[in-house]
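Take a look at the structure below.
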Amino acid sequence: VSAALADLIHNRQPCVVLTGAGISTESGIPDFRSPTGLWAQFDPLEYGSIDAFRRDPVKVWSFYRPRFAMLAEAEPNPAHRALVELEQLGLVRAVVTQNIDLLHERAGSREVVEVHGSIGSSSCSGCGRSYSLERVLELLEGAEAPDCQACGRILKPDVVFFGELLPSTAIDCAFELAREARLLLVVGSALEVYPVAGLPLETIRAGGELAIVNRGATPLDARASLRIEESAGEVLPAVVEALRRRRA
Ligand SMILES: [Zn+2]
């Protein structure tokens, strides 16, 4: 199967990759939205929504605080690194990700579009100041929630909360990439969260093809030219090997 995927990537350029929680679970990061995920244990309306944050930001930070530390320590896995290599080979134009964990950047990918935001920064809704992840982690050491050093308001992570719109620049960019892609490669996404789940249809409508590497079914399996039900951390490095051999 990895040879078939290597063929597709080689023959159908440009290739754009769409990643979801499944690529990060191999780095030990729990999936927020799966049936056993965090949002099954914590009511998102109380811990993950923008209304909850406005009502009681300290309570929302009681959920995020331990997760920030955990996410900041997680390491990219072979699937993230394989995508970096594909980009360096000129075979991946960009990675569009639903993940907020920064693992694509930390692995070394250059073109990353974070459609759900990331933990990389937090902002003050009062004065607009932005704080880096490192600074937020420092502020969290002695407090239940990080507050703005200028005006005292509690900072909000720059991740998209339930009830918030997706960042329009990122989502516009993602749809443009999907339209231009001759291959959209989905890695570790069940394609259940809109509007991101609409990206593959955008590619297909524009005449491109779809390949899916995901454990578990997706609503678009029947539309995919190639469907691989295996670990991304095993499949993608094998694809890189196959493409390197082809070049040698
Ligand atoms: Zn402020």
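Please note that chains go A, B, ... in the order of the structure tokens, that every chain numbers its residues from 1, and that ligands are numbered from 1 in the order shown.
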
Q: Extract, using only C-alpha atoms, all DNA, RNA and protein residues at most 7 Å from Cys15 (chain A), discarding same-chain residues fewer than 4 positions from it, and format them as a PyMOL selection string.
A: chain A and resi 9+91-93+181-184

Q: Quick one: pick out all strand (DSSP E) residues within region 61-233 of chain A from a backbone DSSP run and write them as a PyMOL selection string.
A: chain A and resi 94-97+112-114+117-123+130-132+156-159+183-187+209-213+226-228

Q.
Need the shell around Phe162 (chain A): protein/DNA/RNA residues with any atom at most 7 Å away, counting only C-alpha atoms. Skip same-chain ones fewer than 2 positions apart. Format as a PyMOL selection string?
A. chain A and resi 48-50+160+164

Residues of region 69-145 of chain A at most 12 Å from region 55-58 of chain A: nearest atom pair and distance in Å, only C-alpha atoms, as a Markdown table:
| residue | atom | partner | partner_atom | distance |
| --- | --- | --- | --- | --- |
| A:Cys124 | CA | A:Pro57 | CA | 11.9 |
| A:Ser125 | CA | A:Pro57 | CA | 11.8 |
| A:Leu140 | CA | A:Val58 | CA | 11.4 |
| A:Ala143 | CA | A:Val58 | CA | 9.8 |
| A:Glu144 | CA | A:Val58 | CA | 6.7 |
| A:Ala145 | CA | A:Val58 | CA | 5.7 |

Q.
For the helix (DSSP H, G or I) assignment from backbone DSSP, which residues of region 1-243 of chain A qualify? Please present them as JSON, numbers by chain.
A. {"A": [2, 3, 4, 5, 6, 7, 8, 9, 10, 11, 21, 22, 23, 24, 25, 38, 39, 40, 41, 44, 45, 46, 47, 50, 51, 52, 53, 54, 55, 57, 58, 59, 60, 61, 62, 63, 64, 65, 66, 67, 68, 69, 70, 71, 72, 73, 78, 79, 80, 81, 82, 83, 84, 85, 86, 87, 88, 103, 104, 105, 106, 107, 133, 134, 135, 136, 137, 138, 139, 140, 141, 168, 169, 170, 171, 172, 173, 174, 175, 176, 177, 178, 179, 180, 196, 197, 198, 199, 200, 201, 202, 203, 204, 205, 221, 222, 223, 232, 233, 234, 235, 236, 237, 238, 239, 240, 241, 242, 243]}

Q) Quick one: residues within 8 Å of Ala94 (chain A), only C-alpha atoms counted, chain neighbours fewer than 6 positions away excluded, as a VMD selection string? A) chain A and resid 15 to 17 87 110 to 113 177

Q.
Can you measure CA of Val95 (chain A) to CA of Glu241 (chain A) for me? One decimal in Å is fine.
A. 19.6 Å

**Q.** Protein and nucleic acid residues within 7 Å of ligand 1 (only C-alpha atoms and all ligand atoms) as a list in words
**A.** Cys124, Ser125, Gly126, Cys127, Gly128, Arg129, Cys148, Gln149, Ala150, Cys151, Gly152 and Arg153 of chain A

Using only C-alpha atoms, which protein or nucleic acid residues come within 10 Å of region 211-221 of chain A? Drop anything in the same chain fewer than 2 positions from it, and give the result as a PDB file with C-alpha atoms, in the first residue's frame.
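And here is the file that came out, result-v1.pdb:
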ATOM      1  CA  LEU A   5       0.540   5.935  -2.105  1.00  0.00           C
ATOM      2  CA  LEU A   8      -0.087   8.785  -6.235  1.00  0.00           C
ATOM      3  CA  ILE A   9       2.067  11.425  -4.539  1.00  0.00           C
ATOM      4  CA  VAL A  17      -1.929  17.057   3.371  1.00  0.00           C
ATOM      5  CA  LEU A  18      -4.798  17.376   5.842  1.00  0.00           C
ATOM      6  CA  THR A  19      -4.073  16.049   9.337  1.00  0.00           C
ATOM      7  CA  GLY A  20      -6.271  15.404  12.348  1.00  0.00           C
ATOM      8  CA  GLY A  22      -5.021  10.539  14.622  1.00  0.00           C
ATOM      9  CA  ILE A  23      -1.519  11.705  13.679  1.00  0.00           C
ATOM     10  CA  LEU A 183      -3.912  15.068  -4.519  1.00  0.00           C
ATOM     11  CA  LEU A 184      -5.321  15.706  -1.074  1.00  0.00           C
ATOM     12  CA  LEU A 185      -3.810  13.272   1.422  1.00  0.00           C
ATOM     13  CA  VAL A 186      -5.821  12.917   4.633  1.00  0.00           C
ATOM     14  CA  VAL A 187      -3.845  11.600   7.606  1.00  0.00           C
ATOM     15  CA  GLY A 188      -5.476  10.717  10.918  1.00  0.00           C
ATOM     16  CA  SER A 189      -8.762  12.528  10.500  1.00  0.00           C
ATOM     17  CA  ALA A 190     -12.212  10.972  10.660  1.00  0.00           C
ATOM     18  CA  LEU A 191     -13.409  13.929   8.514  1.00  0.00           C
ATOM     19  CA  GLU A 192     -16.259  14.652  10.885  1.00  0.00           C
ATOM     20  CA  ALA A 197     -14.159  17.952   6.474  1.00  0.00           C
ATOM     21  CA  GLY A 198     -15.332  19.734   3.315  1.00  0.00           C
ATOM     22  CA  PRO A 200     -11.533  16.826   0.286  1.00  0.00           C
ATOM     23  CA  LEU A 201     -14.765  17.522  -1.601  1.00  0.00           C
ATOM     24  CA  GLU A 209      -7.951  12.965  -6.109  1.00  0.00           C
ATOM     25  CA  ARG A 223     -14.657   8.856  -2.848  1.00  0.00           C
ATOM     26  CA  ALA A 224     -10.994   8.078  -2.144  1.00  0.00           C
ATOM     27  CA  SER A 225      -8.670   6.732  -4.842  1.00  0.00           C
ATOM     28  CA  LEU A 226      -6.678   5.029  -2.087  1.00  0.00           C
ATOM     29  CA  ARG A 227      -7.723   4.096   1.429  1.00  0.00           C
ATOM     30  CA  ILE A 228      -5.113   2.889   3.941  1.00  0.00           C
ATOM     31  CA  GLU A 229      -6.277   1.612   7.307  1.00  0.00           C
ATOM     32  CA  GLU A 230      -2.921   1.569   9.082  1.00  0.00           C
ATOM     33  CA  SER A 231      -0.730   3.554  11.425  1.00  0.00           C
ATOM     34  CA  ALA A 232       0.470   6.794   9.830  1.00  0.00           C
ATOM     35  CA  VAL A 235       2.917   4.043   6.385  1.00  0.00           C
ATOM     36  CA  LEU A 236       4.387   7.532   5.823  1.00  0.00           C
TER      37      LEU A 236
END

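Distance check against Asn99 (chain A) using only C-alpha atoms: of A:Ala21, A:Asn77, A:Ser62, A:Ala242, the minimum falls on A:Ala21.
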
**Q.** Selection: 12 Å around Gly117 (chain A), only C-alpha atoms, excl. self and same-chain fewer than 6 positions, as a PyMOL selection string
**A.** chain A and resi 96-102+123+156-161+164-171

Q.
One decimal, in Å: what's the spacing between CA of Ile119 (chain A) and CA of Ala82 (chain A)?
A.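 Atom-to-atom, CA of Ile119 (chain A) to CA of Ala82 (chain A), that is 22.7 Å.
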
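Picture a line from CA of Met70 (chain A) to CA of Tyr194 (chain A); it runs 26.6 Å.
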
**Q.** Nearest candidate to Ala206 (chain A) (options A:Glu180, A:Glu73, A:Glu46, A:Glu138; using only C-alpha atoms)
**A.** A:Glu180

Q.
With only C-alpha atoms as the counted atoms, please give the residues lying no more than 10 Å from Val240 (chain A), apart from itself and same-chain residues fewer than 6 positions off, as a list in words.
A.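 Final neighbour list, sorted by chain and number: Ser2, Ala3, Leu5, Ala6, Arg81, Ala82, Leu83, Val84, Glu85, Leu86, Leu89, Leu91 and Arg246 of chain A.
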